[in-house]
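*Asks:* Here it is, the structure, as structure tokens.
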Amino acid sequence: MTARVDTVSRRVAASPDAVFAAFSEPGAMARWLPPNDMTGEMLRFDFREGGSYRMRLTYAERHRGRGKTSADADEVTVRITKLVPGRLLEQEVAFDSEEASFAGRMRMTWSMERDGDGTLVTVRAEDVPAGIRPEDHVAAMTASLAQLAGFVEAAG
């Protein structure tokens, strides 16, 4: 059986360095990364190759009961496996969940490629846990990319 891969791309009207900078500040990432109907809180942050961070994503009231860690939240521990400023961020993501369908490590790769006066940002998730429905995951990654674009474009 082939491991599942989910991929989403978006052109952002900002430089690759500006896009990459949005990952390097814990407060910034907590604002733009949570998908629609979620809020984020950075619990730990060590942004360097070999470093890690831990984030809590809390669902809006109307989605209560969907959380992987608790009824209303997902907590993830993310290890940064490769970091190339302005170009690439590779991560291993582990959900804090007692459910076997969310077990394991998902590899997420964020790449930034110059595209004219902007940047093509692609997020690729490999070994996605079976408990995450493909349509929900693509929708969440699409929302995060839209919020990333809004965040860096407003700062530009």
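Following the order of the structure tokens, chains are lettered A, B, ..., residues in each are numbered from 1, and ligands are numbered from 1.
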With the cut-off set at 6 Å and counting only C-alpha atoms, tabulate each residue of region 60-112 of chain A with an atom at most that distance from an atom of region 33-56 of chain A, showing the nearest atom pair and its distance in Å to one decimal, ordered by chain and increasing number, as a Markdown table.
*Replies:*
| residue | atom | partner | partner_atom | distance |
| --- | --- | --- | --- | --- |
| A:Ala60 | CA | A:Asp37 | CA | 5.1 |
| A:Asp74 | CA | A:Arg56 | CA | 5.8 |
| A:Glu75 | CA | A:Arg56 | CA | 4.4 |
| A:Val76 | CA | A:Met55 | CA | 5.5 |
| A:Thr77 | CA | A:Arg54 | CA | 4.5 |
| A:Val78 | CA | A:Tyr53 | CA | 5.3 |
| A:Arg79 | CA | A:Ser52 | CA | 4.3 |
| A:Ile80 | CA | A:Gly50 | CA | 5.3 |
| A:Thr81 | CA | A:Gly50 | CA | 5.6 |
| A:Lys82 | CA | A:Glu49 | CA | 5.4 |
| A:Leu83 | CA | A:Glu49 | CA | 5.4 |
*Asks:* Could you please take those selected residues and save all heavy atoms as a PDB file, in the first residue's frame?
*Replies:*
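Heads up, here's the output in selection_12.pdb:
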ATOM      1  N   ALA A  60     -13.298  26.034  16.959  1.00  0.00           N
ATOM      2  CA  ALA A  60     -14.391  26.920  17.340  1.00  0.00           C
ATOM      3  C   ALA A  60     -15.492  26.081  17.982  1.00  0.00           C
ATOM      4  O   ALA A  60     -15.592  24.876  17.740  1.00  0.00           O
ATOM      5  CB  ALA A  60     -14.940  27.655  16.115  1.00  0.00           C
ATOM      6  N   ASP A  74      -6.428  19.995  18.986  1.00  0.00           N
ATOM      7  CA  ASP A  74      -5.363  19.134  18.483  1.00  0.00           C
ATOM      8  C   ASP A  74      -4.061  19.698  19.033  1.00  0.00           C
ATOM      9  O   ASP A  74      -3.851  20.914  18.979  1.00  0.00           O
ATOM     10  CB  ASP A  74      -5.253  19.188  16.954  1.00  0.00           C
ATOM     11  CG  ASP A  74      -6.478  18.677  16.227  1.00  0.00           C
ATOM     12  OD1 ASP A  74      -7.324  18.026  16.861  1.00  0.00           O
ATOM     13  OD2 ASP A  74      -6.580  18.941  15.018  1.00  0.00           O
ATOM     14  N   GLU A  75      -3.206  18.854  19.562  1.00  0.00           N
ATOM     15  CA  GLU A  75      -1.858  19.288  19.916  1.00  0.00           C
ATOM     16  C   GLU A  75      -0.884  18.484  19.078  1.00  0.00           C
ATOM     17  O   GLU A  75      -1.060  17.274  18.904  1.00  0.00           O
ATOM     18  CB  GLU A  75      -1.577  19.103  21.413  1.00  0.00           C
ATOM     19  CG  GLU A  75      -2.283  20.150  22.243  1.00  0.00           C
ATOM     20  CD  GLU A  75      -1.827  20.196  23.687  1.00  0.00           C
ATOM     21  OE1 GLU A  75      -0.734  19.666  24.013  1.00  0.00           O
ATOM     22  OE2 GLU A  75      -2.572  20.776  24.493  1.00  0.00           O
ATOM     23  N   VAL A  76       0.105  19.184  18.537  1.00  0.00           N
ATOM     24  CA  VAL A  76       1.108  18.543  17.702  1.00  0.00           C
ATOM     25  C   VAL A  76       2.499  18.897  18.191  1.00  0.00           C
ATOM     26  O   VAL A  76       2.742  19.998  18.690  1.00  0.00           O
ATOM     27  CB  VAL A  76       0.979  18.954  16.210  1.00  0.00           C
ATOM     28  CG1 VAL A  76      -0.307  18.463  15.611  1.00  0.00           C
ATOM     29  CG2 VAL A  76       1.103  20.454  16.032  1.00  0.00           C
ATOM     30  N   THR A  77       3.379  17.933  18.075  1.00  0.00           N
ATOM     31  CA  THR A  77       4.799  18.181  18.295  1.00  0.00           C
ATOM     32  C   THR A  77       5.450  18.057  16.929  1.00  0.00           C
ATOM     33  O   THR A  77       5.232  17.079  16.206  1.00  0.00           O
ATOM     34  CB  THR A  77       5.400  17.164  19.276  1.00  0.00           C
ATOM     35  OG1 THR A  77       4.721  17.288  20.533  1.00  0.00           O
ATOM     36  CG2 THR A  77       6.895  17.409  19.475  1.00  0.00           C
ATOM     37  N   VAL A  78       6.208  19.080  16.570  1.00  0.00           N
ATOM     38  CA  VAL A  78       6.801  19.166  15.240  1.00  0.00           C
ATOM     39  C   VAL A  78       8.311  19.233  15.371  1.00  0.00           C
ATOM     40  O   VAL A  78       8.844  20.108  16.070  1.00  0.00           O
ATOM     41  CB  VAL A  78       6.267  20.407  14.484  1.00  0.00           C
ATOM     42  CG1 VAL A  78       6.897  20.508  13.107  1.00  0.00           C
ATOM     43  CG2 VAL A  78       4.750  20.369  14.404  1.00  0.00           C
ATOM     44  N   ARG A  79       9.001  18.324  14.719  1.00  0.00           N
ATOM     45  CA  ARG A  79      10.471  18.342  14.682  1.00  0.00           C
ATOM     46  C   ARG A  79      10.897  18.874  13.330  1.00  0.00           C
ATOM     47  O   ARG A  79      10.399  18.437  12.285  1.00  0.00           O
ATOM     48  CB  ARG A  79      11.031  16.934  14.893  1.00  0.00           C
ATOM     49  CG  ARG A  79      12.552  16.930  15.079  1.00  0.00           C
ATOM     50  CD  ARG A  79      13.051  15.571  15.539  1.00  0.00           C
ATOM     51  NE  ARG A  79      12.948  14.552  14.513  1.00  0.00           N
ATOM     52  CZ  ARG A  79      13.864  14.345  13.565  1.00  0.00           C
ATOM     53  NH1 ARG A  79      14.941  15.094  13.512  1.00  0.00           N
ATOM     54  NH2 ARG A  79      13.688  13.393  12.680  1.00  0.00           N
ATOM     55  N   ILE A  80      11.797  19.852  13.345  1.00  0.00           N
ATOM     56  CA  ILE A  80      12.294  20.464  12.107  1.00  0.00           C
ATOM     57  C   ILE A  80      13.485  19.641  11.624  1.00  0.00           C
ATOM     58  O   ILE A  80      14.523  19.600  12.273  1.00  0.00           O
ATOM     59  CB  ILE A  80      12.675  21.938  12.340  1.00  0.00           C
ATOM     60  CG1 ILE A  80      11.447  22.713  12.821  1.00  0.00           C
ATOM     61  CG2 ILE A  80      13.268  22.550  11.076  1.00  0.00           C
ATOM     62  CD1 ILE A  80      11.738  24.093  13.361  1.00  0.00           C
ATOM     63  N   THR A  81      13.303  18.984  10.476  1.00  0.00           N
ATOM     64  CA  THR A  81      14.343  18.091   9.978  1.00  0.00           C
ATOM     65  C   THR A  81      15.260  18.754   8.960  1.00  0.00           C
ATOM     66  O   THR A  81      16.407  18.351   8.809  1.00  0.00           O
ATOM     67  CB  THR A  81      13.725  16.825   9.353  1.00  0.00           C
ATOM     68  OG1 THR A  81      12.822  17.199   8.318  1.00  0.00           O
ATOM     69  CG2 THR A  81      12.987  16.012  10.408  1.00  0.00           C
ATOM     70  N   LYS A  82      14.765  19.769   8.257  1.00  0.00           N
ATOM     71  CA  LYS A  82      15.602  20.481   7.286  1.00  0.00           C
ATOM     72  C   LYS A  82      15.091  21.904   7.174  1.00  0.00           C
ATOM     73  O   LYS A  82      13.894  22.148   7.095  1.00  0.00           O
ATOM     74  CB  LYS A  82      15.567  19.798   5.920  1.00  0.00           C
ATOM     75  CG  LYS A  82      16.566  20.384   4.934  1.00  0.00           C
ATOM     76  CD  LYS A  82      16.686  19.523   3.692  1.00  0.00           C
ATOM     77  CE  LYS A  82      17.767  20.062   2.770  1.00  0.00           C
ATOM     78  NZ  LYS A  82      17.891  19.252   1.559  1.00  0.00           N
ATOM     79  N   LEU A  83      16.038  22.837   7.129  1.00  0.00           N
ATOM     80  CA  LEU A  83      15.709  24.250   7.091  1.00  0.00           C
ATOM     81  C   LEU A  83      16.655  24.944   6.119  1.00  0.00           C
ATOM     82  O   LEU A  83      17.871  24.928   6.322  1.00  0.00           O
ATOM     83  CB  LEU A  83      15.908  24.809   8.509  1.00  0.00           C
ATOM     84  CG  LEU A  83      15.313  26.119   8.903  1.00  0.00           C
ATOM     85  CD1 LEU A  83      13.802  26.094   8.800  1.00  0.00           C
ATOM     86  CD2 LEU A  83      15.698  26.426  10.346  1.00  0.00           C
TER      87      LEU A  83
END
*Asks:* Please return, as a PDB file with all heavy atoms, in the first residue's frame, all residues of region 60-114 of chain A that DSSP assigns to helix (DSSP H, G or I) on the basis of the backbone.
*Replies:*
ATOM      1  N   GLU A  61     -16.324  26.706  18.777  1.00  0.00           N
ATOM      2  CA  GLU A  61     -17.375  26.009  19.528  1.00  0.00           C
ATOM      3  C   GLU A  61     -18.214  25.076  18.658  1.00  0.00           C
ATOM      4  O   GLU A  61     -18.530  23.965  19.056  1.00  0.00           O
ATOM      5  CB  GLU A  61     -18.277  27.043  20.213  1.00  0.00           C
ATOM      6  CG  GLU A  61     -19.311  26.436  21.133  1.00  0.00           C
ATOM      7  CD  GLU A  61     -18.715  25.718  22.342  1.00  0.00           C
ATOM      8  OE1 GLU A  61     -17.653  26.156  22.841  1.00  0.00           O
ATOM      9  OE2 GLU A  61     -19.287  24.712  22.769  1.00  0.00           O
ATOM     10  N   ARG A  62     -18.555  25.510  17.457  1.00  0.00           N
ATOM     11  CA  ARG A  62     -19.459  24.681  16.640  1.00  0.00           C
ATOM     12  C   ARG A  62     -18.815  23.394  16.126  1.00  0.00           C
ATOM     13  O   ARG A  62     -19.496  22.524  15.616  1.00  0.00           O
ATOM     14  CB  ARG A  62     -20.038  25.500  15.492  1.00  0.00           C
ATOM     15  CG  ARG A  62     -19.060  25.854  14.402  1.00  0.00           C
ATOM     16  CD  ARG A  62     -19.831  26.549  13.272  1.00  0.00           C
ATOM     17  NE  ARG A  62     -18.987  26.834  12.187  1.00  0.00           N
ATOM     18  CZ  ARG A  62     -18.462  28.025  11.920  1.00  0.00           C
ATOM     19  NH1 ARG A  62     -18.720  29.037  12.687  1.00  0.00           N
ATOM     20  NH2 ARG A  62     -17.696  28.196  10.877  1.00  0.00           N
ATOM     21  N   HIS A  63     -17.498  23.273  16.252  1.00  0.00           N
ATOM     22  CA  HIS A  63     -16.813  22.050  15.822  1.00  0.00           C
ATOM     23  C   HIS A  63     -16.325  21.228  17.011  1.00  0.00           C
ATOM     24  O   HIS A  63     -15.509  20.325  16.848  1.00  0.00           O
ATOM     25  CB  HIS A  63     -15.636  22.390  14.901  1.00  0.00           C
ATOM     26  CG  HIS A  63     -16.068  22.963  13.594  1.00  0.00           C
ATOM     27  ND1 HIS A  63     -16.764  22.242  12.667  1.00  0.00           N
ATOM     28  CD2 HIS A  63     -15.918  24.206  13.086  1.00  0.00           C
ATOM     29  CE1 HIS A  63     -17.026  23.014  11.620  1.00  0.00           C
ATOM     30  NE2 HIS A  63     -16.526  24.197  11.863  1.00  0.00           N
ATOM     31  N   ALA A 100      -5.504   5.362  17.457  1.00  0.00           N
ATOM     32  CA  ALA A 100      -4.518   4.743  16.564  1.00  0.00           C
ATOM     33  C   ALA A 100      -4.560   5.339  15.161  1.00  0.00           C
ATOM     34  O   ALA A 100      -3.537   5.380  14.473  1.00  0.00           O
ATOM     35  CB  ALA A 100      -4.750   3.237  16.499  1.00  0.00           C
ATOM     36  N   SER A 101      -5.705   5.828  14.722  1.00  0.00           N
ATOM     37  CA  SER A 101      -5.817   6.365  13.360  1.00  0.00           C
ATOM     38  C   SER A 101      -5.051   7.674  13.172  1.00  0.00           C
ATOM     39  O   SER A 101      -4.879   8.129  12.046  1.00  0.00           O
ATOM     40  CB  SER A 101      -7.290   6.561  12.982  1.00  0.00           C
ATOM     41  OG  SER A 101      -7.895   7.536  13.805  1.00  0.00           O
ATOM     42  N   PHE A 102      -4.573   8.269  14.277  1.00  0.00           N
ATOM     43  CA  PHE A 102      -3.781   9.500  14.184  1.00  0.00           C
ATOM     44  C   PHE A 102      -2.316   9.260  14.567  1.00  0.00           C
ATOM     45  O   PHE A 102      -1.537  10.203  14.676  1.00  0.00           O
ATOM     46  CB  PHE A 102      -4.365  10.599  15.068  1.00  0.00           C
ATOM     47  CG  PHE A 102      -5.760  10.988  14.675  1.00  0.00           C
ATOM     48  CD1 PHE A 102      -6.824  10.751  15.521  1.00  0.00           C
ATOM     49  CD2 PHE A 102      -6.009  11.568  13.452  1.00  0.00           C
ATOM     50  CE1 PHE A 102      -8.112  11.092  15.155  1.00  0.00           C
ATOM     51  CE2 PHE A 102      -7.296  11.915  13.067  1.00  0.00           C
ATOM     52  CZ  PHE A 102      -8.356  11.669  13.924  1.00  0.00           C
TER      53      PHE A 102
END
*Asks:* Determine, for each residue of region 62-129 of chain A having at least one atom at most 9 Å from an atom of region 133-147 of chain A, the closest pair of atoms and their separation in Å to one decimal, counting only C-alpha atoms; order by chain and ascending number, as a tab-separated table.
*Replies:*
residue	atom	partner	partner_atom	distance
A:Val121	CA	A:Leu145	CA	7.8
A:Thr122	CA	A:Leu145	CA	8.5
A:Val123	CA	A:Met141	CA	7.5
A:Val128	CA	A:Pro134	CA	8.7
A:Pro129	CA	A:Arg133	CA	8.7
*Asks:* Would you pick out the contacts of Phe23 (chain A) at 10 Å or less, using only C-alpha atoms, so that residues sharing its chain but fewer than 6 positions from it are not included, and give the list as number ranges by chain?
*Replies:* A: 29-30, 32-33, 47, 89, 110, 148
*Asks:* Selected residues, all heavy atoms, written as a short mmCIF file (atom, residue, chain, number, x, y, z; two decimals), in the first residue's frame, please.
*Replies:*
data_model
loop_
_atom_site.label_atom_id
_atom_site.label_comp_id
_atom_site.auth_asym_id
_atom_site.auth_seq_id
_atom_site.Cartn_x
_atom_site.Cartn_y
_atom_site.Cartn_z
N MET A 29 3.28 32.48 13.35
CA MET A 29 2.80 31.16 12.93
C MET A 29 1.49 30.80 13.64
O MET A 29 0.60 30.21 13.04
CB MET A 29 3.85 30.09 13.17
CG MET A 29 3.52 28.79 12.44
SD MET A 29 4.65 27.42 12.76
CE MET A 29 6.17 28.03 12.09
N ALA A 30 1.37 31.16 14.90
CA ALA A 30 0.14 30.86 15.65
C ALA A 30 -1.06 31.61 15.07
O ALA A 30 -2.19 31.16 15.21
CB ALA A 30 0.32 31.22 17.13
N TRP A 32 -1.35 32.61 11.56
CA TRP A 32 -1.74 32.24 10.19
C TRP A 32 -1.89 30.74 9.96
O TRP A 32 -2.61 30.33 9.06
CB TRP A 32 -0.78 32.83 9.15
CG TRP A 32 0.63 32.29 9.16
CD1 TRP A 32 1.72 32.90 9.70
CD2 TRP A 32 1.08 31.06 8.60
NE1 TRP A 32 2.83 32.10 9.52
CE2 TRP A 32 2.46 30.97 8.83
CE3 TRP A 32 0.46 30.02 7.92
CZ2 TRP A 32 3.23 29.89 8.43
CZ3 TRP A 32 1.22 28.93 7.51
CH2 TRP A 32 2.60 28.89 7.77
N LEU A 33 -1.22 29.87 10.73
CA LEU A 33 -1.24 28.44 10.45
C LEU A 33 -2.58 27.74 10.75
O LEU A 33 -3.01 26.90 9.97
CB LEU A 33 -0.11 27.73 11.20
CG LEU A 33 0.03 26.23 10.90
CD1 LEU A 33 0.40 25.99 9.45
CD2 LEU A 33 1.06 25.61 11.81
N PHE A 47 13.05 27.27 16.62
CA PHE A 47 13.07 27.27 15.16
C PHE A 47 14.49 27.21 14.63
O PHE A 47 15.16 28.23 14.45
CB PHE A 47 12.35 28.52 14.62
CG PHE A 47 12.10 28.46 13.14
CD1 PHE A 47 11.13 27.64 12.61
CD2 PHE A 47 12.85 29.26 12.28
CE1 PHE A 47 10.90 27.58 11.25
CE2 PHE A 47 12.63 29.21 10.90
CZ PHE A 47 11.66 28.37 10.40
N LEU A 89 11.29 24.17 4.27
CA LEU A 89 11.12 23.79 5.66
C LEU A 89 10.52 22.39 5.66
O LEU A 89 9.41 22.19 5.17
CB LEU A 89 10.18 24.77 6.39
CG LEU A 89 9.74 24.39 7.79
CD1 LEU A 89 10.93 24.26 8.73
CD2 LEU A 89 8.75 25.42 8.31
N TRP A 110 7.33 22.36 3.30
CA TRP A 110 6.90 23.66 2.79
C TRP A 110 8.02 24.17 1.90
O TRP A 110 9.16 24.33 2.36
CB TRP A 110 6.69 24.65 3.94
CG TRP A 110 5.60 24.30 4.89
CD1 TRP A 110 5.64 23.39 5.90
CD2 TRP A 110 4.29 24.88 4.92
NE1 TRP A 110 4.44 23.36 6.55
CE2 TRP A 110 3.60 24.27 5.97
CE3 TRP A 110 3.66 25.86 4.16
CZ2 TRP A 110 2.29 24.60 6.29
CZ3 TRP A 110 2.35 26.19 4.48
CH2 TRP A 110 1.68 25.56 5.53
N LEU A 148 -1.58 32.43 5.24
CA LEU A 148 -0.17 32.80 5.10
C LEU A 148 -0.04 33.92 4.07
O LEU A 148 0.66 34.91 4.32
CB LEU A 148 0.65 31.58 4.67
CG LEU A 148 2.11 31.83 4.25
CD1 LEU A 148 2.92 32.38 5.42
CD2 LEU A 148 2.73 30.55 3.71
#
*Asks:* Write down as a PyMOL selection string the residues belonging to region 29-149 of chain A that are assigned strand (DSSP E or B) by DSSP computed on the backbone.
*Replies:* chain A and resi 38-45+52-59+70+73-84+88-95+106-115+118-126
*Asks:* Dump as a Markdown table the rows for residues of region 88-123 of chain A within 12 Å of region 1-19 of chain A: closest atom pair and distance in Å with one decimal, only C-alpha atoms counted, ordered by chain and rising residue number.
*Replies:*
| residue | atom | partner | partner_atom | distance |
| --- | --- | --- | --- | --- |
| A:Leu88 | CA | A:Pro16 | CA | 9.6 |
| A:Leu89 | CA | A:Val19 | CA | 11.2 |
| A:Gly104 | CA | A:Ala3 | CA | 12.0 |
| A:Arg105 | CA | A:Ala3 | CA | 11.8 |
| A:Met106 | CA | A:Val5 | CA | 9.6 |
| A:Arg107 | CA | A:Val5 | CA | 9.4 |
| A:Met108 | CA | A:Asp6 | CA | 9.4 |
| A:Thr109 | CA | A:Thr7 | CA | 9.4 |
| A:Trp110 | CA | A:Ser9 | CA | 9.5 |
| A:Ser111 | CA | A:Pro16 | CA | 9.2 |
| A:Met112 | CA | A:Pro16 | CA | 5.7 |
| A:Glu113 | CA | A:Pro16 | CA | 6.6 |
| A:Arg114 | CA | A:Pro16 | CA | 6.2 |
| A:Asp115 | CA | A:Arg11 | CA | 7.6 |
| A:Gly116 | CA | A:Ala13 | CA | 9.3 |
| A:Asp117 | CA | A:Ala13 | CA | 6.9 |
| A:Gly118 | CA | A:Ala13 | CA | 4.4 |
| A:Thr119 | CA | A:Val12 | CA | 5.2 |
| A:Leu120 | CA | A:Arg11 | CA | 4.4 |
| A:Val121 | CA | A:Arg10 | CA | 5.4 |
| A:Thr122 | CA | A:Ser9 | CA | 4.2 |
| A:Val123 | CA | A:Val8 | CA | 5.5 |
